[in-house]
Amino acid sequence: MRVILLGAPGSGKGTVGELIERVYGLPRIATGDLLRRAVQEKTPLGRKAAESIGRGGLVPDDLVVALVRERLDAGDTGGGYVLDGFPRTIAQAQSLEAMDPRPAEVVIDIEADEETIIGRLEARRLCPRCAAVYNLRSQPPRRADLCDEDDETLIRRDDDHPEIVRKRLRVYHEQTERLVAYYAEKGALHRVAGGGTVDETFAQVRQVLDRALAGAGKEQTAR
Ligand code: G5P
Ligand code: MG
């Protein structure tokens with residue numbers, strides 16, 4: 001099954017994507033995580049992407065498309081995948097269709113209002129080693145400031161500062177939100193209310209995915 005997660009910054013794409021990976025066994029491809037790793041490792045791509053990420057803008061389409069193409073070629077995506085944060089422009093959506101002519105079966109738009117998003121990103125913390133995501137209010141680590149998995153000290157993403165978050169939200173409305181209508185026209189769009197707890201959000205996602213699996217008559221089932 002091929003799944004695309006749409007939604008504004010902080011709506012919960014990464015959180016839902018990780019749960020889909022765990023429950024349905026689909027590899028999660030998160031362009032934000034891949035780009036941040038490239039920046040950290042100072043690769044040529046990371047050097048080119050750092051400025052756009054730092055100011056809350058989009059990284060140029062050709063760089064992101066090349067990154068996704070490489071990831072899709074890795075050999076583990078034949079049975080499907082979940083895309084988190086890609087596509088983000090109509091041009092990226094068209095490139096995806098050229099890379100993988102099988103259409104995305106399920107596109108999920110996670111909806112959350114801006115006040116909720118700004119509050120969440122204020123309280124989000126990240127493990128710099130394993131990229132696990134926490135929230136100081138709703139999903140705190142077991143020990144203050146330390147990752148549950150590897151004891152690394154949690155950090156705040158540079159682009160989670162309020163003025164950059166506002167810019168990211170603007171960019172989302174200007175460039176990415178139109179993908180909701182794009183996929184609705186293709187009959188693939190499902191809307192999920194993302195303003196409640198993670199369990200409430202994921203319960204809706206499961207309904208969508210289970211129905212899609214049943215509809216396709218596939219043997220793949222949740223683990
Ligand atoms: P990213 O990394 O893709 P964004 O801005 O799209 O960044 P972000 O910030 O990663 O999205 P998210 O993944 O949607 O947000 O949200 P999340 O991390 O799961 O959840 C946010 C917080 O809320 C967490 O603390 C979590 O615990 C909590 N939470 C989550 N879900 C729930 C819920 O249901 N209930 C409750 N109560 N809490 C919840 O992209 C970063 C940058 O990379 C570049 C751009 O520069 C971008 O700005 N980039 C691209 N550029 C061009 N094209 C692309 N395709 C690009 N992809 C990335
Ligand atoms: Mg994310």
# chains A, B, ... in the order shown; residues from 1 in each chain; ligands from 1

call {"tool": "closest_atom_pairs", "arguments": {"of": "segment 70-116 of chain A", "to": "segment 51-65 of chain A", "cutoff": "10 Å", "atoms": "only C-alpha atoms", "output": "Markdown table"}}
result
| residue | atom | partner | partner_atom | distance |
| --- | --- | --- | --- | --- |
| A:Glu70 | CA | A:Val65 | CA | 8.6 |
| A:Arg71 | CA | A:Val65 | CA | 9.8 |
| A:Phe86 | CA | A:Val64 | CA | 8.5 |
| A:Pro87 | CA | A:Val65 | CA | 8.8 |
| A:Arg88 | CA | A:Leu58 | CA | 8.4 |
| A:Thr89 | CA | A:Asp61 | CA | 8.0 |
| A:Ile90 | CA | A:Asp61 | CA | 9.9 |
| A:Ala91 | CA | A:Asp61 | CA | 7.4 |
| A:Gln92 | CA | A:Asp61 | CA | 6.3 |
| A:Ala93 | CA | A:Val65 | CA | 9.5 |
| A:Ser95 | CA | A:Val65 | CA | 7.0 |
| A:Leu96 | CA | A:Val65 | CA | 7.8 |
| A:Met99 | CA | A:Val65 | CA | 9.2 |

call {"tool": "write_last_selection", "arguments": {"atoms": "N, CA, C and O atoms", "output": "PDB file, in the first residue's frame"}}
result
ATOM      1  N   GLU A  70      16.212   8.263  -4.967  1.00  0.00           N
ATOM      2  CA  GLU A  70      17.261   7.398  -4.416  1.00  0.00           C
ATOM      3  C   GLU A  70      16.679   6.475  -3.339  1.00  0.00           C
ATOM      4  O   GLU A  70      16.972   5.283  -3.286  1.00  0.00           O
ATOM      5  N   ARG A  71      15.806   7.042  -2.491  1.00  0.00           N
ATOM      6  CA  ARG A  71      15.216   6.260  -1.399  1.00  0.00           C
ATOM      7  C   ARG A  71      14.273   5.182  -1.947  1.00  0.00           C
ATOM      8  O   ARG A  71      14.246   4.056  -1.447  1.00  0.00           O
ATOM      9  N   PHE A  86       6.330  14.662   1.759  1.00  0.00           N
ATOM     10  CA  PHE A  86       6.542  14.645   0.310  1.00  0.00           C
ATOM     11  C   PHE A  86       5.339  13.992  -0.321  1.00  0.00           C
ATOM     12  O   PHE A  86       4.911  12.951   0.172  1.00  0.00           O
ATOM     13  N   PRO A  87       4.765  14.517  -1.391  1.00  0.00           N
ATOM     14  CA  PRO A  87       5.131  15.761  -2.068  1.00  0.00           C
ATOM     15  C   PRO A  87       4.620  16.987  -1.316  1.00  0.00           C
ATOM     16  O   PRO A  87       3.721  16.910  -0.497  1.00  0.00           O
ATOM     17  N   ARG A  88       5.234  18.122  -1.649  1.00  0.00           N
ATOM     18  CA  ARG A  88       4.877  19.378  -1.007  1.00  0.00           C
ATOM     19  C   ARG A  88       4.529  20.465  -2.015  1.00  0.00           C
ATOM     20  O   ARG A  88       4.177  21.566  -1.641  1.00  0.00           O
ATOM     21  N   THR A  89       4.705  20.137  -3.289  1.00  0.00           N
ATOM     22  CA  THR A  89       4.302  21.046  -4.372  1.00  0.00           C
ATOM     23  C   THR A  89       3.661  20.169  -5.455  1.00  0.00           C
ATOM     24  O   THR A  89       3.871  18.952  -5.481  1.00  0.00           O
ATOM     25  N   ILE A  90       2.901  20.829  -6.344  1.00  0.00           N
ATOM     26  CA  ILE A  90       2.295  20.068  -7.449  1.00  0.00           C
ATOM     27  C   ILE A  90       3.408  19.437  -8.298  1.00  0.00           C
ATOM     28  O   ILE A  90       3.299  18.290  -8.725  1.00  0.00           O
ATOM     29  N   ALA A  91       4.499  20.176  -8.515  1.00  0.00           N
ATOM     30  CA  ALA A  91       5.606  19.631  -9.325  1.00  0.00           C
ATOM     31  C   ALA A  91       6.166  18.365  -8.677  1.00  0.00           C
ATOM     32  O   ALA A  91       6.480  17.387  -9.367  1.00  0.00           O
ATOM     33  N   GLN A  92       6.276  18.359  -7.345  1.00  0.00           N
ATOM     34  CA  GLN A  92       6.769  17.154  -6.660  1.00  0.00           C
ATOM     35  C   GLN A  92       5.775  16.001  -6.831  1.00  0.00           C
ATOM     36  O   GLN A  92       6.167  14.844  -7.021  1.00  0.00           O
ATOM     37  N   ALA A  93       4.470  16.312  -6.767  1.00  0.00           N
ATOM     38  CA  ALA A  93       3.450  15.263  -6.927  1.00  0.00           C
ATOM     39  C   ALA A  93       3.565  14.648  -8.330  1.00  0.00           C
ATOM     40  O   ALA A  93       3.481  13.426  -8.499  1.00  0.00           O
ATOM     41  N   SER A  95       6.261  14.597 -10.200  1.00  0.00           N
ATOM     42  CA  SER A  95       7.513  13.814 -10.261  1.00  0.00           C
ATOM     43  C   SER A  95       7.323  12.451  -9.613  1.00  0.00           C
ATOM     44  O   SER A  95       7.851  11.444 -10.094  1.00  0.00           O
ATOM     45  N   LEU A  96       6.559  12.427  -8.523  1.00  0.00           N
ATOM     46  CA  LEU A  96       6.297  11.141  -7.860  1.00  0.00           C
ATOM     47  C   LEU A  96       5.550  10.200  -8.812  1.00  0.00           C
ATOM     48  O   LEU A  96       5.864   9.013  -8.899  1.00  0.00           O
ATOM     49  N   MET A  99       7.962   8.793 -11.135  1.00  0.00           N
ATOM     50  CA  MET A  99       8.887   7.828 -10.512  1.00  0.00           C
ATOM     51  C   MET A  99       8.208   6.510 -10.225  1.00  0.00           C
ATOM     52  O   MET A  99       8.801   5.454 -10.312  1.00  0.00           O
TER      53      MET A  99
END

call {"tool": "residues_near_ligand", "arguments": {"ligand": "ligand 1", "cutoff": "7 Å", "atoms": "only C-alpha atoms and all ligand atoms", "output": "compact mmCIF listing (two decimals) with all heavy atoms, in the first residue's frame"}}
result
# COMPACT_ATOMS: atom_id res chain seq x y z
N GLY A 7 -0.42 17.54 5.51
CA GLY A 7 -0.78 18.24 6.74
C GLY A 7 0.23 19.34 7.01
O GLY A 7 1.39 19.27 6.58
N ALA A 8 -0.22 20.36 7.72
CA ALA A 8 0.65 21.50 8.03
C ALA A 8 1.80 21.07 8.93
O ALA A 8 1.75 19.99 9.52
CB ALA A 8 -0.20 22.57 8.73
N PRO A 9 2.83 21.92 9.06
CA PRO A 9 3.88 21.65 10.04
C PRO A 9 3.26 21.39 11.41
O PRO A 9 2.34 22.11 11.81
CB PRO A 9 4.68 22.96 10.07
CG PRO A 9 4.39 23.64 8.79
CD PRO A 9 3.02 23.19 8.36
N GLY A 10 3.73 20.37 12.09
CA GLY A 10 3.24 20.10 13.45
C GLY A 10 1.88 19.44 13.52
O GLY A 10 1.36 19.20 14.61
N SER A 11 1.30 19.07 12.38
CA SER A 11 -0.03 18.46 12.42
C SER A 11 0.04 17.02 12.92
O SER A 11 -0.96 16.46 13.36
CB SER A 11 -0.68 18.50 11.03
OG SER A 11 0.16 17.85 10.09
N GLY A 12 1.23 16.40 12.83
CA GLY A 12 1.38 15.03 13.33
C GLY A 12 1.79 14.01 12.28
O GLY A 12 1.69 12.81 12.50
N LYS A 13 2.33 14.47 11.15
CA LYS A 13 2.70 13.54 10.06
C LYS A 13 3.76 12.53 10.54
O LYS A 13 3.66 11.34 10.26
CB LYS A 13 3.26 14.31 8.85
CG LYS A 13 2.28 15.31 8.26
CD LYS A 13 2.86 16.03 7.06
CE LYS A 13 4.09 16.88 7.38
NZ LYS A 13 3.82 18.01 8.31
N GLY A 14 4.78 13.04 11.22
CA GLY A 14 5.87 12.17 11.66
C GLY A 14 5.37 11.14 12.68
O GLY A 14 5.71 9.96 12.60
N THR A 15 4.54 11.60 13.60
CA THR A 15 4.01 10.72 14.65
C THR A 15 3.14 9.62 14.03
O THR A 15 3.31 8.43 14.32
CB THR A 15 3.19 11.57 15.65
OG1 THR A 15 4.05 12.60 16.16
CG2 THR A 15 2.64 10.73 16.78
N VAL A 16 2.24 10.02 13.15
CA VAL A 16 1.36 9.05 12.49
C VAL A 16 2.18 8.13 11.56
O VAL A 16 1.97 6.92 11.52
CB VAL A 16 0.25 9.80 11.70
CG1 VAL A 16 -0.43 8.89 10.69
CG2 VAL A 16 -0.78 10.39 12.67
N ALA A 30 10.57 10.07 5.16
CA ALA A 30 10.29 11.42 5.65
C ALA A 30 11.36 12.35 5.11
O ALA A 30 12.53 12.30 5.53
CB ALA A 30 10.31 11.43 7.18
N THR A 31 10.98 13.19 4.15
CA THR A 31 12.00 14.05 3.51
C THR A 31 12.64 15.01 4.51
O THR A 31 13.82 15.29 4.42
CB THR A 31 11.41 14.81 2.31
OG1 THR A 31 10.13 15.33 2.67
CG2 THR A 31 11.27 13.92 1.11
N GLY A 32 11.86 15.50 5.48
CA GLY A 32 12.44 16.40 6.50
C GLY A 32 13.56 15.70 7.27
O GLY A 32 14.64 16.27 7.46
N ASP A 33 13.32 14.46 7.68
CA ASP A 33 14.35 13.70 8.42
C ASP A 33 15.58 13.46 7.54
O ASP A 33 16.72 13.60 7.98
CB ASP A 33 13.81 12.34 8.89
CG ASP A 33 12.80 12.47 10.02
OD1 ASP A 33 12.55 13.61 10.48
OD2 ASP A 33 12.24 11.43 10.44
N LEU A 35 16.57 15.20 4.98
CA LEU A 35 17.29 16.47 4.75
C LEU A 35 18.07 16.90 5.99
O LEU A 35 19.21 17.35 5.89
CB LEU A 35 16.29 17.57 4.35
CG LEU A 35 15.69 17.44 2.94
CD1 LEU A 35 14.47 18.34 2.78
CD2 LEU A 35 16.73 17.78 1.87
N SER A 52 17.53 26.93 3.13
CA SER A 52 16.07 26.89 2.97
C SER A 52 15.40 26.38 4.24
O SER A 52 14.40 26.94 4.71
CB SER A 52 15.66 25.95 1.83
OG SER A 52 16.39 26.21 0.67
N ILE A 53 15.95 25.31 4.83
CA ILE A 53 15.34 24.74 6.04
C ILE A 53 15.41 25.76 7.17
O ILE A 53 14.43 26.00 7.87
CB ILE A 53 16.06 23.43 6.44
CG1 ILE A 53 15.88 22.39 5.34
CG2 ILE A 53 15.52 22.90 7.77
CD1 ILE A 53 16.64 21.10 5.57
N GLY A 56 12.82 28.37 6.99
CA GLY A 56 11.42 27.90 6.94
C GLY A 56 10.85 27.84 5.54
O GLY A 56 9.63 27.73 5.37
N GLY A 57 11.71 27.92 4.51
CA GLY A 57 11.23 27.81 3.12
C GLY A 57 11.36 26.38 2.64
O GLY A 57 11.85 25.50 3.36
N LEU A 58 10.94 26.14 1.39
CA LEU A 58 11.07 24.80 0.83
C LEU A 58 12.42 24.63 0.15
O LEU A 58 12.94 25.56 -0.47
CB LEU A 58 9.96 24.53 -0.20
CG LEU A 58 8.53 24.44 0.33
CD1 LEU A 58 7.58 24.05 -0.80
CD2 LEU A 58 8.41 23.47 1.48
N VAL A 59 12.97 23.44 0.25
CA VAL A 59 14.19 23.07 -0.49
C VAL A 59 13.77 22.90 -1.96
O VAL A 59 12.68 22.40 -2.24
CB VAL A 59 14.75 21.76 0.11
CG1 VAL A 59 15.92 21.23 -0.70
CG2 VAL A 59 15.15 21.98 1.58
N PRO A 60 14.63 23.31 -2.91
CA PRO A 60 14.24 23.21 -4.33
C PRO A 60 13.76 21.80 -4.72
O PRO A 60 14.33 20.80 -4.28
CB PRO A 60 15.51 23.59 -5.08
CG PRO A 60 16.26 24.47 -4.11
CD PRO A 60 15.94 23.93 -2.74
N ASP A 61 12.72 21.79 -5.57
CA ASP A 61 12.09 20.52 -5.98
C ASP A 61 13.11 19.50 -6.49
O ASP A 61 13.04 18.33 -6.14
CB ASP A 61 11.06 20.79 -7.10
CG ASP A 61 9.78 21.43 -6.57
OD1 ASP A 61 9.51 21.33 -5.35
OD2 ASP A 61 9.05 22.04 -7.37
N VAL A 64 14.95 17.61 -3.74
CA VAL A 64 14.10 16.72 -2.94
C VAL A 64 13.66 15.52 -3.78
O VAL A 64 13.65 14.38 -3.30
CB VAL A 64 12.87 17.48 -2.39
CG1 VAL A 64 12.03 16.57 -1.52
CG2 VAL A 64 13.30 18.68 -1.59
N ASP A 84 6.07 10.95 4.21
CA ASP A 84 5.80 11.97 5.23
C ASP A 84 6.51 13.25 4.80
O ASP A 84 7.74 13.29 4.79
CB ASP A 84 6.31 11.42 6.57
CG ASP A 84 6.58 12.49 7.62
OD1 ASP A 84 6.33 13.70 7.39
OD2 ASP A 84 7.07 12.11 8.71
N GLY A 85 5.74 14.25 4.39
CA GLY A 85 6.36 15.53 4.01
C GLY A 85 6.73 15.61 2.54
O GLY A 85 7.40 16.56 2.13
N PHE A 86 6.33 14.66 1.76
CA PHE A 86 6.54 14.65 0.31
C PHE A 86 5.34 13.99 -0.32
O PHE A 86 4.91 12.95 0.17
CB PHE A 86 7.82 13.88 -0.05
CG PHE A 86 8.11 13.87 -1.53
CD1 PHE A 86 8.94 14.83 -2.09
CD2 PHE A 86 7.55 12.89 -2.36
CE1 PHE A 86 9.20 14.83 -3.46
CE2 PHE A 86 7.81 12.89 -3.72
CZ PHE A 86 8.63 13.85 -4.27
N PRO A 87 4.76 14.52 -1.39
CA PRO A 87 5.13 15.76 -2.07
C PRO A 87 4.62 16.99 -1.32
O PRO A 87 3.72 16.91 -0.50
CB PRO A 87 4.42 15.63 -3.42
CG PRO A 87 3.25 14.75 -3.15
CD PRO A 87 3.66 13.80 -2.08
N ARG A 88 5.23 18.12 -1.65
CA ARG A 88 4.88 19.38 -1.01
C ARG A 88 4.53 20.47 -2.01
O ARG A 88 4.18 21.57 -1.64
CB ARG A 88 6.08 19.86 -0.21
CG ARG A 88 5.82 19.94 1.27
CD ARG A 88 7.18 20.08 1.89
NE ARG A 88 7.13 20.59 3.20
CZ ARG A 88 7.37 19.86 4.29
NH1 ARG A 88 7.61 18.57 4.20
NH2 ARG A 88 7.38 20.42 5.46
N ARG A 120 2.06 22.91 20.03
CA ARG A 120 2.76 21.63 19.94
C ARG A 120 4.24 21.81 19.58
O ARG A 120 5.10 21.13 20.12
CB ARG A 120 2.12 20.76 18.85
CG ARG A 120 0.91 20.04 19.32
CD ARG A 120 0.44 19.19 18.17
NE ARG A 120 -0.87 18.64 18.47
CZ ARG A 120 -1.59 17.99 17.58
NH1 ARG A 120 -1.12 17.81 16.36
NH2 ARG A 120 -2.76 17.49 17.91
N LEU A 121 4.50 22.70 18.63
CA LEU A 121 5.89 22.84 18.18
C LEU A 121 6.75 23.52 19.23
O LEU A 121 7.95 23.27 19.32
CB LEU A 121 5.95 23.57 16.83
CG LEU A 121 5.32 22.77 15.67
CD1 LEU A 121 5.49 23.49 14.35
CD2 LEU A 121 5.90 21.35 15.58
N ALA A 123 6.51 22.81 22.28
CA ALA A 123 6.82 21.77 23.28
C ALA A 123 7.45 20.52 22.66
O ALA A 123 7.72 19.55 23.35
CB ALA A 123 5.52 21.39 24.00
N ARG A 124 7.70 20.54 21.34
CA ARG A 124 8.29 19.36 20.71
C ARG A 124 9.78 19.27 21.02
O ARG A 124 10.49 20.27 20.99
CB ARG A 124 8.09 19.40 19.20
CG ARG A 124 8.85 18.26 18.50
CD ARG A 124 8.44 18.04 17.09
NE ARG A 124 8.74 19.16 16.23
CZ ARG A 124 8.42 19.18 14.93
NH1 ARG A 124 7.80 18.15 14.38
NH2 ARG A 124 8.70 20.23 14.20
N ARG A 125 10.25 18.10 21.30
CA ARG A 125 11.69 17.85 21.45
C ARG A 125 12.03 16.62 20.62
O ARG A 125 11.19 15.77 20.37
CB ARG A 125 12.07 17.60 22.93
CG ARG A 125 11.84 18.80 23.85
CD ARG A 125 12.75 19.98 23.52
NE ARG A 125 12.54 21.11 24.42
CZ ARG A 125 11.65 22.07 24.22
NH1 ARG A 125 10.86 22.05 23.16
NH2 ARG A 125 11.53 23.06 25.08
N VAL A 133 10.53 11.53 18.39
CA VAL A 133 9.88 12.81 18.65
C VAL A 133 9.11 12.74 19.97
O VAL A 133 8.40 11.77 20.23
CB VAL A 133 8.90 13.15 17.49
CG1 VAL A 133 8.07 14.37 17.82
CG2 VAL A 133 9.68 13.38 16.20
N TYR A 134 9.27 13.76 20.79
CA TYR A 134 8.56 13.84 22.07
C TYR A 134 7.78 15.14 22.12
O TYR A 134 7.97 16.05 21.29
CB TYR A 134 9.56 13.82 23.24
CG TYR A 134 10.36 12.54 23.31
CD1 TYR A 134 11.54 12.39 22.56
CD2 TYR A 134 9.93 11.49 24.09
CE1 TYR A 134 12.27 11.21 22.61
CE2 TYR A 134 10.66 10.29 24.15
CZ TYR A 134 11.83 10.17 23.40
OH TYR A 134 12.53 9.00 23.45
N ASN A 135 6.92 15.24 23.13
CA ASN A 135 6.24 16.50 23.39
C ASN A 135 6.22 16.69 24.91
O ASN A 135 5.76 15.79 25.63
CB ASN A 135 4.82 16.48 22.81
CG ASN A 135 4.20 17.86 22.85
OD1 ASN A 135 3.81 18.33 23.91
ND2 ASN A 135 4.16 18.52 21.72
N SER A 138 2.40 16.45 26.00
CA SER A 138 1.55 15.27 25.78
C SER A 138 2.32 13.95 25.67
O SER A 138 1.75 12.89 25.91
CB SER A 138 0.72 15.48 24.51
OG SER A 138 1.57 15.74 23.41
N GLN A 139 3.60 14.00 25.31
CA GLN A 139 4.37 12.76 25.20
C GLN A 139 5.77 12.98 25.74
O GLN A 139 6.76 12.94 25.00
CB GLN A 139 4.49 12.33 23.73
CG GLN A 139 3.20 11.85 23.13
CD GLN A 139 3.40 11.53 21.66
OE1 GLN A 139 3.56 12.42 20.83
NE2 GLN A 139 3.42 10.27 21.33
N ARG A 168 6.86 28.84 8.17
CA ARG A 168 6.58 27.50 7.62
C ARG A 168 5.08 27.34 7.35
O ARG A 168 4.67 26.75 6.36
CB ARG A 168 7.07 26.41 8.57
CG ARG A 168 8.59 26.27 8.56
CD ARG A 168 9.11 25.57 9.80
NE ARG A 168 8.57 24.25 9.98
CZ ARG A 168 8.52 23.61 11.15
NH1 ARG A 168 8.97 24.21 12.25
NH2 ARG A 168 8.03 22.40 11.23
N GLY A 194 -6.84 15.99 13.49
CA GLY A 194 -5.60 15.76 14.24
C GLY A 194 -5.49 16.57 15.51
O GLY A 194 -4.40 16.65 16.09
N GLY A 195 -6.59 17.14 15.98
CA GLY A 195 -6.52 18.03 17.15
C GLY A 195 -6.62 17.33 18.50
O GLY A 195 -6.41 17.95 19.53
N GLY A 196 -6.93 16.03 18.50
CA GLY A 196 -7.11 15.32 19.77
C GLY A 196 -5.81 14.67 20.24
O GLY A 196 -4.72 15.17 19.96
N THR A 197 -5.94 13.54 20.92
CA THR A 197 -4.74 12.83 21.37
C THR A 197 -4.17 12.02 20.20
O THR A 197 -4.86 11.80 19.19
CB THR A 197 -5.07 11.85 22.51
OG1 THR A 197 -5.97 10.86 21.98
CG2 THR A 197 -5.73 12.55 23.69
N VAL A 198 -2.94 11.55 20.37
CA VAL A 198 -2.33 10.72 19.32
C VAL A 198 -3.19 9.47 19.09
O VAL A 198 -3.43 9.07 17.94
CB VAL A 198 -0.88 10.33 19.72
CG1 VAL A 198 -0.31 9.30 18.76
CG2 VAL A 198 0.01 11.57 19.78
N ASP A 199 -3.69 8.87 20.18
CA ASP A 199 -4.52 7.66 20.03
C ASP A 199 -5.78 7.96 19.21
O ASP A 199 -6.18 7.16 18.36
CB ASP A 199 -4.94 7.12 21.40
CG ASP A 199 -3.79 6.41 22.09
OD1 ASP A 199 -2.75 6.19 21.43
OD2 ASP A 199 -3.92 6.09 23.29
N GLU A 200 -6.38 9.12 19.47
CA GLU A 200 -7.61 9.47 18.73
C GLU A 200 -7.30 9.69 17.25
O GLU A 200 -8.05 9.27 16.37
CB GLU A 200 -8.24 10.73 19.33
CG GLU A 200 -8.93 10.47 20.66
CD GLU A 200 -9.26 11.75 21.43
OE1 GLU A 200 -8.79 12.84 21.05
OE2 GLU A 200 -9.99 11.64 22.43
N THR A 201 -6.18 10.35 16.98
CA THR A 201 -5.80 10.59 15.58
C THR A 201 -5.52 9.25 14.88
O THR A 201 -6.02 8.99 13.79
CB THR A 201 -4.54 11.48 15.50
OG1 THR A 201 -4.78 12.67 16.25
CG2 THR A 201 -4.20 11.85 14.07

call {"tool": "residues_around", "arguments": {"residues": "segment 188-190 of chain A", "least_positions_apart": "3", "cutoff": "7 Å", "atoms": "only C-alpha atoms", "output": "PyMOL selection string"}}
result
chain A and resi 105-109+183-184

call {"tool": "write_last_selection", "arguments": {"atoms": "C-alpha atoms", "output": "PDB file, in the first residue's frame"}}
result
ATOM      1  CA  GLU A 105      -3.855   4.501  -2.911  1.00  0.00           C
ATOM      2  CA  VAL A 106      -4.396   6.520   0.237  1.00  0.00           C
ATOM      3  CA  VAL A 107      -3.692  10.197   0.863  1.00  0.00           C
ATOM      4  CA  ILE A 108      -4.391  11.318   4.424  1.00  0.00           C
ATOM      5  CA  ASP A 109      -4.695  14.982   5.300  1.00  0.00           C
ATOM      6  CA  TYR A 183      -5.613  14.445  -4.443  1.00  0.00           C
ATOM      7  CA  ALA A 184      -9.329  14.992  -3.721  1.00  0.00           C
TER       8      ALA A 184
END

call {"tool": "closest_residue", "arguments": {"among": "A:Arg137, A:Arg36, A:Arg211, A:Arg22", "to": "ligand 2", "atoms": "only C-alpha atoms and all ligand atoms"}}
result
A:Arg36

call {"tool": "closest_residue", "arguments": {"among": "A:Glu114, A:Pro44, A:Arg37, A:Arg69", "to": "Tyr172 of chain A", "atoms": "only C-alpha atoms"}}
result
A:Glu114

call {"tool": "atom_distance", "arguments": {"atom1": "atom CA of Thr77 of chain A", "atom2": "atom CA of Ala216 of chain A"}}
result
18.2 Å

call {"tool": "atom_distance", "arguments": {"atom1": "atom CA of Arg156 of chain A", "atom2": "atom CA of Leu6 of chain A"}}
result
22.7 Å

call {"tool": "select_by_dssp", "arguments": {"residues": "segment 68-108 of chain A", "states": "alpha helix (DSSP H)", "output": "number ranges by chain"}}
result
A: 68-72, 90-99

call {"tool": "atom_distance", "arguments": {"atom1": "atom CA of Thr176 of chain A", "atom2": "atom CA of Ala38 of chain A"}}
result
22.6 Å

call {"tool": "decode", "arguments": {"residues": "segment 55-66 of chain A", "atoms": "N, CA and C atoms", "output": "PDB file, in the first residue's frame"}}
result
ATOM      1  N   ARG A  55      15.452  28.943   7.168  1.00  0.00           N
ATOM      2  CA  ARG A  55      14.555  30.096   7.135  1.00  0.00           C
ATOM      3  C   ARG A  55      13.096  29.669   6.955  1.00  0.00           C
ATOM      4  N   GLY A  56      12.815  28.370   6.991  1.00  0.00           N
ATOM      5  CA  GLY A  56      11.425  27.898   6.943  1.00  0.00           C
ATOM      6  C   GLY A  56      10.846  27.841   5.539  1.00  0.00           C
ATOM      7  N   GLY A  57      11.714  27.916   4.514  1.00  0.00           N
ATOM      8  CA  GLY A  57      11.234  27.808   3.125  1.00  0.00           C
ATOM      9  C   GLY A  57      11.359  26.375   2.635  1.00  0.00           C
ATOM     10  N   LEU A  58      10.944  26.144   1.391  1.00  0.00           N
ATOM     11  CA  LEU A  58      11.072  24.798   0.829  1.00  0.00           C
ATOM     12  C   LEU A  58      12.424  24.627   0.150  1.00  0.00           C
ATOM     13  N   VAL A  59      12.971  23.438   0.248  1.00  0.00           N
ATOM     14  CA  VAL A  59      14.185  23.073  -0.487  1.00  0.00           C
ATOM     15  C   VAL A  59      13.774  22.903  -1.962  1.00  0.00           C
ATOM     16  N   PRO A  60      14.628  23.306  -2.912  1.00  0.00           N
ATOM     17  CA  PRO A  60      14.237  23.205  -4.327  1.00  0.00           C
ATOM     18  C   PRO A  60      13.762  21.801  -4.723  1.00  0.00           C
ATOM     19  N   ASP A  61      12.716  21.786  -5.571  1.00  0.00           N
ATOM     20  CA  ASP A  61      12.092  20.525  -5.976  1.00  0.00           C
ATOM     21  C   ASP A  61      13.109  19.500  -6.492  1.00  0.00           C
ATOM     22  N   ASP A  62      14.049  19.947  -7.361  1.00  0.00           N
ATOM     23  CA  ASP A  62      14.942  18.950  -7.985  1.00  0.00           C
ATOM     24  C   ASP A  62      15.781  18.211  -6.938  1.00  0.00           C
ATOM     25  N   LEU A  63      16.196  18.918  -5.880  1.00  0.00           N
ATOM     26  CA  LEU A  63      17.019  18.266  -4.848  1.00  0.00           C
ATOM     27  C   LEU A  63      16.193  17.231  -4.085  1.00  0.00           C
ATOM     28  N   VAL A  64      14.951  17.614  -3.737  1.00  0.00           N
ATOM     29  CA  VAL A  64      14.103  16.721  -2.937  1.00  0.00           C
ATOM     30  C   VAL A  64      13.664  15.519  -3.776  1.00  0.00           C
ATOM     31  N   VAL A  65      13.353  15.762  -5.036  1.00  0.00           N
ATOM     32  CA  VAL A  65      12.923  14.668  -5.908  1.00  0.00           C
ATOM     33  C   VAL A  65      14.064  13.657  -6.072  1.00  0.00           C
ATOM     34  N   ALA A  66      15.289  14.148  -6.226  1.00  0.00           N
ATOM     35  CA  ALA A  66      16.436  13.239  -6.367  1.00  0.00           C
ATOM     36  C   ALA A  66      16.614  12.399  -5.093  1.00  0.00           C
TER      37      ALA A  66
END
